[in-house]
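Heads up, query_11.cif below (mmCIF, C-alpha atoms; chains and numbers go by the auth columns):
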data_protein
#
loop_
_atom_site.group_PDB
_atom_site.id
_atom_site.type_symbol
_atom_site.label_atom_id
_atom_site.label_comp_id
_atom_site.label_asym_id
_atom_site.label_seq_id
_atom_site.Cartn_x
_atom_site.Cartn_y
_atom_site.Cartn_z
_atom_site.B_iso_or_equiv
_atom_site.auth_seq_id
_atom_site.auth_asym_id
ATOM 1 C CA MET A 1 163.895 104.158 85.592 0.00 1379 A
ATOM 2 C CA SER A 2 161.063 101.626 85.642 0.00 1380 A
ATOM 3 C CA ALA A 3 159.482 103.259 88.707 0.00 1381 A
ATOM 4 C CA ILE A 4 159.198 106.556 86.817 0.00 1382 A
ATOM 5 C CA VAL A 5 157.586 104.818 83.864 0.00 1383 A
ATOM 6 C CA LEU A 6 155.195 103.027 86.211 0.00 1384 A
ATOM 7 C CA VAL A 7 154.201 106.319 87.864 0.00 1385 A
ATOM 8 C CA LEU A 8 153.676 107.986 84.472 0.00 1386 A
ATOM 9 C CA LEU A 9 151.535 105.083 83.289 0.00 1387 A
ATOM 10 C CA ALA A 10 149.479 105.246 86.490 0.00 1388 A
ATOM 11 C CA VAL A 11 148.934 108.996 86.037 0.00 1389 A
ATOM 12 C CA TYR A 12 147.987 108.510 82.377 0.00 1390 A
ATOM 13 C CA GLY A 13 145.590 105.666 83.248 0.00 1391 A
ATOM 14 C CA SER A 14 144.013 107.687 86.046 0.00 1392 A
ATOM 15 C CA ALA A 15 143.494 110.672 83.748 0.00 1393 A
ATOM 16 C CA ARG A 16 141.885 108.468 81.105 0.00 1394 A
ATOM 17 C CA LEU A 17 139.630 106.850 83.705 0.00 1395 A
ATOM 18 C CA VAL A 18 138.520 110.221 85.086 0.00 1396 A
ATOM 19 C CA LEU A 19 137.784 111.533 81.569 0.00 1397 A
ATOM 20 C CA TRP A 20 135.862 108.357 80.734 0.00 1398 A
ATOM 21 C CA LEU A 21 133.782 108.603 83.928 0.00 1399 A
ATOM 22 C CA ARG A 22 133.140 112.283 83.184 0.00 1400 A
ATOM 23 C CA GLY A 23 131.872 111.315 79.734 0.00 1401 A
ATOM 24 C CA GLN A 24 129.571 108.636 81.141 0.00 1402 A
ATOM 25 C CA TYR A 25 128.100 111.097 83.632 0.00 1403 A
ATOM 26 C CA ARG A 26 127.565 113.717 80.919 0.00 1404 A
ATOM 27 C CA LEU A 27 125.942 111.087 78.687 0.00 1405 A
ATOM 28 C CA MET A 28 123.419 110.214 81.388 0.00 1406 A
ATOM 29 C CA ARG A 29 122.621 113.911 81.835 0.00 1407 A
ATOM 30 C CA GLU A 30 122.434 114.916 78.173 0.00 1408 A
ATOM 31 C CA GLN A 31 121.048 111.819 76.477 0.00 1409 A
ATOM 32 C CA LYS A 32 117.495 113.164 76.629 0.00 1410 A
ATOM 33 C CA ARG A 33 118.645 116.124 74.469 0.00 1411 A
ATOM 34 C CA PHE A 34 119.607 113.884 71.566 0.00 1412 A
ATOM 35 C CA PRO A 35 117.429 114.232 68.487 0.00 1413 A
ATOM 36 C CA CYS A 36 114.449 111.874 68.526 0.00 1414 A
ATOM 37 C CA LEU A 37 113.941 109.335 65.801 0.00 1415 A
ATOM 38 C CA PRO A 38 111.362 110.648 63.330 0.00 1416 A
ATOM 39 C CA SER A 39 107.894 109.217 63.122 0.00 1417 A
ATOM 40 C CA ARG A 40 106.686 107.655 59.903 0.00 1418 A
ATOM 41 C CA PRO A 41 104.693 110.102 57.759 0.00 1419 A
ATOM 42 C CA ALA A 42 101.260 109.177 56.478 0.00 1420 A
ATOM 43 C CA LEU A 43 101.443 108.129 52.856 0.00 1421 A
ATOM 44 C CA PRO A 44 99.188 110.205 50.591 0.00 1422 A
ATOM 45 C CA GLN A 45 96.676 108.102 48.695 0.00 1423 A
ATOM 46 C CA HIS A 46 96.982 109.824 45.337 0.00 1424 A
ATOM 47 C CA LEU A 47 100.762 109.962 45.076 0.00 1425 A
ATOM 48 C CA PRO A 48 102.275 108.082 42.105 0.00 1426 A
ATOM 49 C CA THR A 49 103.981 104.809 42.970 0.00 1427 A
ATOM 50 C CA SER A 50 107.501 106.006 42.248 0.00 1428 A
ATOM 51 C CA LEU A 51 107.042 109.111 44.405 0.00 1429 A
ATOM 52 C CA THR A 52 105.543 106.959 47.168 0.00 1430 A
ATOM 53 C CA ARG A 53 108.688 104.855 46.993 0.00 1431 A
ATOM 54 C CA LEU A 54 110.757 108.054 47.202 0.00 1432 A
ATOM 55 C CA LEU A 55 108.761 109.201 50.232 0.00 1433 A
ATOM 56 C CA GLU A 56 109.341 105.867 51.969 0.00 1434 A
ATOM 57 C CA CYS A 57 113.036 106.091 51.106 0.00 1435 A
ATOM 58 C CA CYS A 58 113.153 109.634 52.531 0.00 1436 A
ATOM 59 C CA TYR A 59 111.820 108.372 55.821 0.00 1437 A
ATOM 60 C CA SER A 60 114.047 105.305 56.116 0.00 1438 A
ATOM 61 C CA GLU A 61 117.220 107.177 55.172 0.00 1439 A
ATOM 62 C CA ARG A 62 116.324 110.078 57.462 0.00 1440 A
ATOM 63 C CA VAL A 63 116.062 107.610 60.348 0.00 1441 A
ATOM 64 C CA LYS A 64 119.540 106.324 59.534 0.00 1442 A
ATOM 65 C CA LEU A 65 120.911 109.884 59.357 0.00 1443 A
ATOM 66 C CA VAL A 66 119.378 110.759 62.731 0.00 1444 A
ATOM 67 C CA GLU A 67 120.907 107.586 64.190 0.00 1445 A
ATOM 68 C CA SER A 68 124.287 108.776 62.879 0.00 1446 A
ATOM 69 C CA ILE A 69 123.773 112.186 64.479 0.00 1447 A
ATOM 70 C CA ARG A 70 122.955 110.497 67.770 0.00 1448 A
ATOM 71 C CA ALA A 71 126.070 108.304 67.530 0.00 1449 A
ATOM 72 C CA ILE A 72 128.297 111.323 66.822 0.00 1450 A
ATOM 73 C CA ALA A 73 126.741 113.210 69.742 0.00 1451 A
ATOM 74 C CA ARG A 74 127.428 110.209 71.975 0.00 1452 A
ATOM 75 C CA VAL A 75 131.059 110.150 70.805 0.00 1453 A
ATOM 76 C CA LEU A 76 131.485 113.879 71.453 0.00 1454 A
ATOM 77 C CA ILE A 77 130.233 113.349 74.998 0.00 1455 A
ATOM 78 C CA THR A 78 131.935 110.097 75.986 0.00 1456 A
ATOM 79 C CA ASP A 79 135.281 110.018 74.161 0.00 1457 A
ATOM 80 C CA PRO A 80 137.993 110.762 76.729 0.00 1458 A
ATOM 81 C CA ASP A 81 140.075 112.532 74.068 0.00 1459 A
ATOM 82 C CA VAL A 82 137.480 115.272 73.385 0.00 1460 A
ATOM 83 C CA PRO A 83 138.799 117.538 76.184 0.00 1461 A
ATOM 84 C CA LEU A 84 142.179 117.232 74.459 0.00 1462 A
ATOM 85 C CA GLY A 85 140.656 118.465 71.165 0.00 1463 A
ATOM 86 C CA CYS A 86 140.405 115.211 69.236 0.00 1464 A
ATOM 87 C CA VAL A 87 138.227 112.129 68.739 0.00 1465 A
ATOM 88 C CA ARG A 88 139.600 108.602 68.435 0.00 1466 A
ATOM 89 C CA ASP A 89 136.407 106.618 69.006 0.00 1467 A
ATOM 90 C CA PHE A 90 135.673 104.088 66.233 0.00 1468 A
ATOM 91 C CA ARG A 91 131.942 104.846 66.528 0.00 1469 A
ATOM 92 C CA TYR A 92 132.572 108.159 64.776 0.00 1470 A
ATOM 93 C CA ARG A 93 133.863 106.351 61.705 0.00 1471 A
ATOM 94 C CA VAL A 94 130.921 103.947 61.762 0.00 1472 A
ATOM 95 C CA ALA A 95 128.456 106.849 62.049 0.00 1473 A
ATOM 96 C CA VAL A 96 130.072 108.681 59.121 0.00 1474 A
ATOM 97 C CA PHE A 97 129.998 105.581 56.928 0.00 1475 A
ATOM 98 C CA ASN A 98 126.359 104.866 57.836 0.00 1476 A
ATOM 99 C CA ALA A 99 125.354 108.457 57.050 0.00 1477 A
ATOM 100 C CA TRP A 100 127.194 108.306 53.725 0.00 1478 A
ATOM 101 C CA ALA A 101 125.473 105.031 52.836 0.00 1479 A
ATOM 102 C CA ALA A 102 122.045 106.497 53.663 0.00 1480 A
ATOM 103 C CA ALA A 103 122.696 109.628 51.586 0.00 1481 A
ATOM 104 C CA SER A 104 123.964 107.525 48.674 0.00 1482 A
ATOM 105 C CA ARG A 105 120.906 105.252 48.741 0.00 1483 A
ATOM 106 C CA TRP A 106 118.604 108.277 48.661 0.00 1484 A
ATOM 107 C CA ILE A 107 120.520 109.831 45.749 0.00 1485 A
ATOM 108 C CA ARG A 108 120.263 106.561 43.812 0.00 1486 A
ATOM 109 C CA THR A 109 116.513 106.516 44.436 0.00 1487 A
ATOM 110 C CA VAL A 110 116.158 110.064 43.092 0.00 1488 A
ATOM 111 C CA GLU A 111 118.314 109.205 40.078 0.00 1489 A
ATOM 112 C CA SER A 112 116.105 106.205 39.314 0.00 1490 A
ATOM 113 C CA LEU A 113 113.043 108.450 38.836 0.00 1491 A
ATOM 114 C CA ASP A 114 111.831 109.065 35.306 0.00 1492 A
ATOM 115 C CA GLU A 115 111.520 112.517 33.735 0.00 1493 A
ATOM 116 C CA VAL A 116 107.826 112.915 34.570 0.00 1494 A
ATOM 117 C CA ASP A 117 108.496 112.377 38.283 0.00 1495 A
ATOM 118 C CA ARG A 118 111.492 114.703 38.194 0.00 1496 A
ATOM 119 C CA HIS A 119 109.281 117.396 36.688 0.00 1497 A
ATOM 120 C CA ARG A 120 106.706 116.755 39.413 0.00 1498 A
ATOM 121 C CA LEU A 121 109.422 117.224 42.028 0.00 1499 A
ATOM 122 C CA ALA A 122 110.562 120.428 40.352 0.00 1500 A
ATOM 123 C CA ALA A 123 106.952 121.648 40.305 0.00 1501 A
ATOM 124 C CA ILE A 124 106.727 121.366 44.097 0.00 1502 A
ATOM 125 C CA GLY A 125 109.996 123.282 44.466 0.00 1503 A
ATOM 126 C CA PHE A 126 112.411 120.433 45.100 0.00 1504 A
ATOM 127 C CA ASP A 127 115.971 121.001 43.920 0.00 1505 A
ATOM 128 C CA PRO A 128 118.326 118.100 44.669 0.00 1506 A
ATOM 129 C CA GLN A 129 121.442 120.269 44.265 0.00 1507 A
ATOM 130 C CA SER A 130 121.648 121.357 47.909 0.00 1508 A
ATOM 131 C CA PHE A 131 121.391 117.734 49.051 0.00 1509 A
ATOM 132 C CA LEU A 132 124.075 116.766 46.530 0.00 1510 A
ATOM 133 C CA ARG A 133 126.413 119.531 47.761 0.00 1511 A
ATOM 134 C CA SER A 134 125.985 118.447 51.374 0.00 1512 A
ATOM 135 C CA SER A 135 126.492 114.801 50.486 0.00 1513 A
ATOM 136 C CA GLU A 136 129.663 115.691 48.548 0.00 1514 A
ATOM 137 C CA SER A 137 130.963 117.396 51.689 0.00 1515 A
ATOM 138 C CA LEU A 138 130.133 114.251 53.631 0.00 1516 A
ATOM 139 C CA GLY A 139 131.882 112.217 50.925 0.00 1517 A
ATOM 140 C CA ALA A 140 135.100 114.159 51.541 0.00 1518 A
ATOM 141 C CA THR A 141 134.832 113.285 55.234 0.00 1519 A
ATOM 142 C CA VAL A 142 134.272 109.626 54.353 0.00 1520 A
ATOM 143 C CA ARG A 143 137.423 109.617 52.232 0.00 1521 A
ATOM 144 C CA ARG A 144 139.436 111.163 55.078 0.00 1522 A
ATOM 145 C CA THR A 145 138.118 108.721 57.668 0.00 1523 A
ATOM 146 C CA SER A 146 138.571 105.675 55.451 0.00 1524 A
ATOM 147 C CA ARG A 147 142.212 106.573 54.778 0.00 1525 A
ATOM 148 C CA ALA A 148 143.000 107.244 58.434 0.00 1526 A
ATOM 149 C CA ARG A 149 144.905 104.662 60.433 0.00 1527 A
ATOM 150 C CA ALA A 150 143.359 102.988 63.463 0.00 1528 A
ATOM 151 C CA LEU A 151 143.145 105.333 66.472 0.00 1529 A
ATOM 152 C CA GLU A 152 144.187 108.302 64.366 0.00 1530 A
ATOM 153 C CA PRO A 153 142.705 111.419 65.991 0.00 1531 A
ATOM 154 C CA PHE A 154 140.080 113.553 64.274 0.00 1532 A
ATOM 155 C CA ASP A 155 139.747 117.215 65.177 0.00 1533 A
ATOM 156 C CA VAL A 156 136.691 117.934 67.343 0.00 1534 A
ATOM 157 C CA ASP A 157 135.729 120.912 65.166 0.00 1535 A
ATOM 158 C CA GLY A 158 135.775 118.630 62.121 0.00 1536 A
ATOM 159 C CA VAL A 159 133.556 116.118 63.918 0.00 1537 A
ATOM 160 C CA ARG A 160 131.106 118.888 64.818 0.00 1538 A
ATOM 161 C CA SER A 161 131.180 120.090 61.213 0.00 1539 A
ATOM 162 C CA THR A 162 130.345 116.567 60.039 0.00 1540 A
ATOM 163 C CA ARG A 163 127.418 116.452 62.469 0.00 1541 A
ATOM 164 C CA ALA A 164 126.189 119.804 61.108 0.00 1542 A
ATOM 165 C CA THR A 165 126.424 118.460 57.536 0.00 1543 A
ATOM 166 C CA ILE A 166 124.360 115.418 58.467 0.00 1544 A
ATOM 167 C CA ASN A 167 121.849 117.755 60.139 0.00 1545 A
ATOM 168 C CA LEU A 168 121.543 119.621 56.824 0.00 1546 A
ATOM 169 C CA LEU A 169 120.844 116.340 55.033 0.00 1547 A
ATOM 170 C CA VAL A 170 118.134 115.489 57.570 0.00 1548 A
ATOM 171 C CA ARG A 171 116.480 118.886 57.083 0.00 1549 A
ATOM 172 C CA GLU A 172 116.558 118.443 53.305 0.00 1550 A
ATOM 173 C CA LEU A 173 114.822 115.074 53.599 0.00 1551 A
ATOM 174 C CA GLU A 174 112.237 116.534 55.988 0.00 1552 A
ATOM 175 C CA CYS A 175 111.512 119.234 53.432 0.00 1553 A
ATOM 176 C CA VAL A 176 111.112 116.675 50.643 0.00 1554 A
ATOM 177 C CA GLU A 177 108.798 114.583 52.819 0.00 1555 A
ATOM 178 C CA SER A 178 106.567 117.534 53.669 0.00 1556 A
ATOM 179 C CA ARG A 179 106.366 118.637 50.040 0.00 1557 A
ATOM 180 C CA LEU A 180 105.613 115.133 48.811 0.00 1558 A
ATOM 181 C CA SER A 181 102.948 114.710 51.492 0.00 1559 A
ATOM 182 C CA SER A 182 101.193 117.876 50.345 0.00 1560 A
ATOM 183 C CA PHE A 183 101.674 116.968 46.657 0.00 1561 A
ATOM 184 C CA GLY A 184 99.639 113.808 46.988 0.00 1562 A
ATOM 185 C CA GLU A 185 96.436 115.560 48.002 0.00 1563 A
ATOM 186 C CA HIS A 186 93.598 114.940 45.613 0.00 1564 A
ATOM 187 C CA PRO A 187 92.647 118.107 43.680 0.00 1565 A
ATOM 188 C CA TYR A 188 88.866 117.490 43.968 0.00 1566 A
ATOM 189 C CA ARG A 189 88.788 116.967 47.732 0.00 1567 A
ATOM 190 C CA ALA A 190 88.545 119.790 50.240 0.00 1568 A
#

Write-out of the structure in structure tokens:
Amino acid sequence: MSAIVLVLLAVYGSARLVLWLRGQYRLMREQKRFPCLPSRPALPQHLPTSLTRLLECCYSERVKLVESIRAIARVLITDPDVPLGCVRDFRYRVAVFNAWAAASRWIRTVESLDEVDRHRLAAIGFDPQSFLRSSESLGATVRRTSRARALEPFDVDGVRSTRATINLLVRELECVESRLSSFGEHPYRA
């Protein structure tokens, strides 16, 4: 009986090792396709202080969101359980929590703006509702991952959906940054 168990354990260990090596090879090949960290935008000179602070927050939180996307991409490539349809890597949980924290910090910054600045944002076409909807979706994922036991598997499609949600948040912040950068232009300069 123990010889059979030993053979099964050896087969299981070999399969895990092969899948891990496959993931490491794929990571070396595909790492250059990961999204690049964004570059810091130039701060407009005539932007009000609170909107300048919002622009700086957009950049810093967008960097954190892109780092989360990169971590999830790394997990989807290297986790040996992905070919089996699930993810058990703890880095996925960390990436989800970091993305949620970044989105929450940005929302708090927007909520701290006064009415005049909110009207200025509305005048340039910014509507925070789409960001809030995406962050609520991410919040549901955070609740699921925080309640999960250690090494509990997450469905690969759900992990990819989470990555797509974080991508939406990044695009929203890029849009806000570009609109704020154009808003700060002085009206009397060409």

Item checked: Distance in Å - CA of Ala1393 in chain A versus CA of Phe1532 in chain A ->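 Going from CA of Ala1393 in chain A over to CA of Phe1532 in chain A covers 20.0 Å.
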
Item checked: Shortest interatomic distance to Arg1448 in chain A - which of A:Ala1481, A:Ala1501, A:Val1488, A:Leu1405, counting all atoms listed in the file ->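 Among the listed residues, the smallest separation from Arg1448 in chain A belongs to A:Leu1405.
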
Item checked: Picked residues, the PyMOL selection byres ((chain A and resi 1439) around 12), expected as a count of residues only -> 37

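Counting from CA of Gly1401 in chain A, the distance to CA of Ile1455 in chain A is 5.4 Å.
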
Note to self: Can you measure CA of Leu1421 in chain A to CA of Leu1558 in chain A for me? One decimal in Å is fine.
What the structure shows: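 A separation of 9.1 Å between them.
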
Note to self: the PyMOL selection byres ((chain A and resi 1460) around 12) - which residues does that actually catch in the file I just gave you? List them as a PyMOL selection string.
What the structure shows: chain A and resi 1394+1397-1398+1400-1401+1450-1459+1461-1467+1531-1538

Checklist line | Counting all atoms listed in the file, the residue of A:Ile1447, A:Leu1384, A:Leu1499, A:Val1472 that sits nearest Leu1425 in chain A | finding: A:Leu1499

Checklist line | Nearest residue to Pro1413 in chain A from the set A:Asp1492, A:Leu1429, A:Ala1449, A:Ser1560 (distances using all atoms listed in the file) | finding: A:Ala1449

Completed range 1434-1445 of chain A (all heavy atoms) as an mmCIF file, in the coordinates of the input:
data_model
loop_
_atom_site.group_PDB
_atom_site.id
_atom_site.type_symbol
_atom_site.label_atom_id
_atom_site.label_comp_id
_atom_site.auth_asym_id
_atom_site.auth_seq_id
_atom_site.Cartn_x
_atom_site.Cartn_y
_atom_site.Cartn_z
ATOM 1 N N GLU A 1434 108.938 106.909 51.025
ATOM 2 C CA GLU A 1434 109.341 105.867 51.969
ATOM 3 C C GLU A 1434 110.854 105.834 52.142
ATOM 4 O O GLU A 1434 111.360 105.645 53.255
ATOM 5 C CB GLU A 1434 108.826 104.505 51.497
ATOM 6 C CG GLU A 1434 107.324 104.370 51.600
ATOM 7 C CD GLU A 1434 106.807 103.112 50.937
ATOM 8 O OE1 GLU A 1434 107.568 102.458 50.175
ATOM 9 O OE2 GLU A 1434 105.633 102.773 51.155
ATOM 10 N N CYS A 1435 111.572 106.049 51.039
ATOM 11 C CA CYS A 1435 113.036 106.091 51.106
ATOM 12 C C CYS A 1435 113.495 107.298 51.919
ATOM 13 O O CYS A 1435 114.444 107.203 52.695
ATOM 14 C CB CYS A 1435 113.616 106.130 49.696
ATOM 15 S SG CYS A 1435 115.417 106.163 49.660
ATOM 16 N N CYS A 1436 112.823 108.432 51.747
ATOM 17 C CA CYS A 1436 113.153 109.634 52.531
ATOM 18 C C CYS A 1436 113.071 109.327 54.015
ATOM 19 O O CYS A 1436 113.979 109.679 54.784
ATOM 20 C CB CYS A 1436 112.201 110.782 52.207
ATOM 21 S SG CYS A 1436 112.578 111.677 50.716
ATOM 22 N N TYR A 1437 112.006 108.674 54.402
ATOM 23 C CA TYR A 1437 111.820 108.372 55.821
ATOM 24 C C TYR A 1437 112.897 107.409 56.321
ATOM 25 O O TYR A 1437 113.531 107.651 57.345
ATOM 26 C CB TYR A 1437 110.431 107.792 56.079
ATOM 27 C CG TYR A 1437 110.314 107.241 57.478
ATOM 28 C CD1 TYR A 1437 110.216 108.106 58.559
ATOM 29 C CD2 TYR A 1437 110.341 105.874 57.710
ATOM 30 C CE1 TYR A 1437 110.143 107.607 59.852
ATOM 31 C CE2 TYR A 1437 110.264 105.376 58.987
ATOM 32 C CZ TYR A 1437 110.171 106.243 60.063
ATOM 33 O OH TYR A 1437 110.107 105.742 61.328
ATOM 34 N N SER A 1438 113.101 106.313 55.619
ATOM 35 C CA SER A 1438 114.047 105.305 56.116
ATOM 36 C C SER A 1438 115.471 105.847 56.167
ATOM 37 O O SER A 1438 116.202 105.590 57.124
ATOM 38 C CB SER A 1438 113.972 104.029 55.269
ATOM 39 O OG SER A 1438 114.359 104.296 53.943
ATOM 40 N N GLU A 1439 115.858 106.628 55.167
ATOM 41 C CA GLU A 1439 117.220 107.177 55.172
ATOM 42 C C GLU A 1439 117.350 108.301 56.198
ATOM 43 O O GLU A 1439 118.408 108.487 56.787
ATOM 44 C CB GLU A 1439 117.617 107.644 53.783
ATOM 45 C CG GLU A 1439 117.535 106.569 52.702
ATOM 46 C CD GLU A 1439 118.177 105.240 53.068
ATOM 47 O OE1 GLU A 1439 119.135 105.207 53.868
ATOM 48 O OE2 GLU A 1439 117.725 104.202 52.553
ATOM 49 N N ARG A 1440 116.283 109.031 56.438
ATOM 50 C CA ARG A 1440 116.324 110.078 57.462
ATOM 51 C C ARG A 1440 116.499 109.457 58.840
ATOM 52 O O ARG A 1440 117.233 109.983 59.677
ATOM 53 C CB ARG A 1440 115.050 110.925 57.414
ATOM 54 C CG ARG A 1440 115.096 112.127 58.328
ATOM 55 C CD ARG A 1440 114.036 113.123 57.972
ATOM 56 N NE ARG A 1440 112.691 112.609 58.018
ATOM 57 C CZ ARG A 1440 111.810 112.878 58.972
ATOM 58 N NH1 ARG A 1440 112.138 113.678 59.964
ATOM 59 N NH2 ARG A 1440 110.601 112.380 58.922
ATOM 60 N N VAL A 1441 115.875 108.316 59.079
ATOM 61 C CA VAL A 1441 116.062 107.610 60.348
ATOM 62 C C VAL A 1441 117.529 107.222 60.515
ATOM 63 O O VAL A 1441 118.126 107.407 61.583
ATOM 64 C CB VAL A 1441 115.147 106.367 60.431
ATOM 65 C CG1 VAL A 1441 115.550 105.462 61.581
ATOM 66 C CG2 VAL A 1441 113.702 106.782 60.561
ATOM 67 N N LYS A 1442 118.131 106.721 59.454
ATOM 68 C CA LYS A 1442 119.540 106.324 59.534
ATOM 69 C C LYS A 1442 120.444 107.536 59.768
ATOM 70 O O LYS A 1442 121.430 107.448 60.520
ATOM 71 C CB LYS A 1442 119.927 105.593 58.270
ATOM 72 C CG LYS A 1442 119.137 104.313 58.072
ATOM 73 C CD LYS A 1442 119.927 103.257 57.428
ATOM 74 C CE LYS A 1442 119.185 101.997 57.125
ATOM 75 N NZ LYS A 1442 118.075 101.642 57.922
ATOM 76 N N LEU A 1443 120.120 108.670 59.143
ATOM 77 C CA LEU A 1443 120.911 109.884 59.357
ATOM 78 C C LEU A 1443 120.778 110.388 60.795
ATOM 79 O O LEU A 1443 121.766 110.809 61.405
ATOM 80 C CB LEU A 1443 120.495 110.967 58.368
ATOM 81 C CG LEU A 1443 120.877 110.722 56.905
ATOM 82 C CD1 LEU A 1443 120.224 111.761 56.012
ATOM 83 C CD2 LEU A 1443 122.376 110.740 56.734
ATOM 84 N N VAL A 1444 119.572 110.326 61.342
ATOM 85 C CA VAL A 1444 119.378 110.759 62.731
ATOM 86 C C VAL A 1444 120.126 109.814 63.678
ATOM 87 O O VAL A 1444 120.724 110.257 64.673
ATOM 88 C CB VAL A 1444 117.881 110.846 63.080
ATOM 89 C CG1 VAL A 1444 117.664 111.037 64.573
ATOM 90 C CG2 VAL A 1444 117.227 111.972 62.311
ATOM 91 N N GLU A 1445 120.132 108.533 63.378
ATOM 92 C CA GLU A 1445 120.907 107.586 64.190
ATOM 93 C C GLU A 1445 122.396 107.930 64.145
ATOM 94 O O GLU A 1445 123.098 107.835 65.161
ATOM 95 C CB GLU A 1445 120.674 106.156 63.721
ATOM 96 C CG GLU A 1445 119.317 105.614 64.075
ATOM 97 C CD GLU A 1445 119.019 104.266 63.433
ATOM 98 O OE1 GLU A 1445 119.794 103.837 62.543
ATOM 99 O OE2 GLU A 1445 118.018 103.653 63.816
#
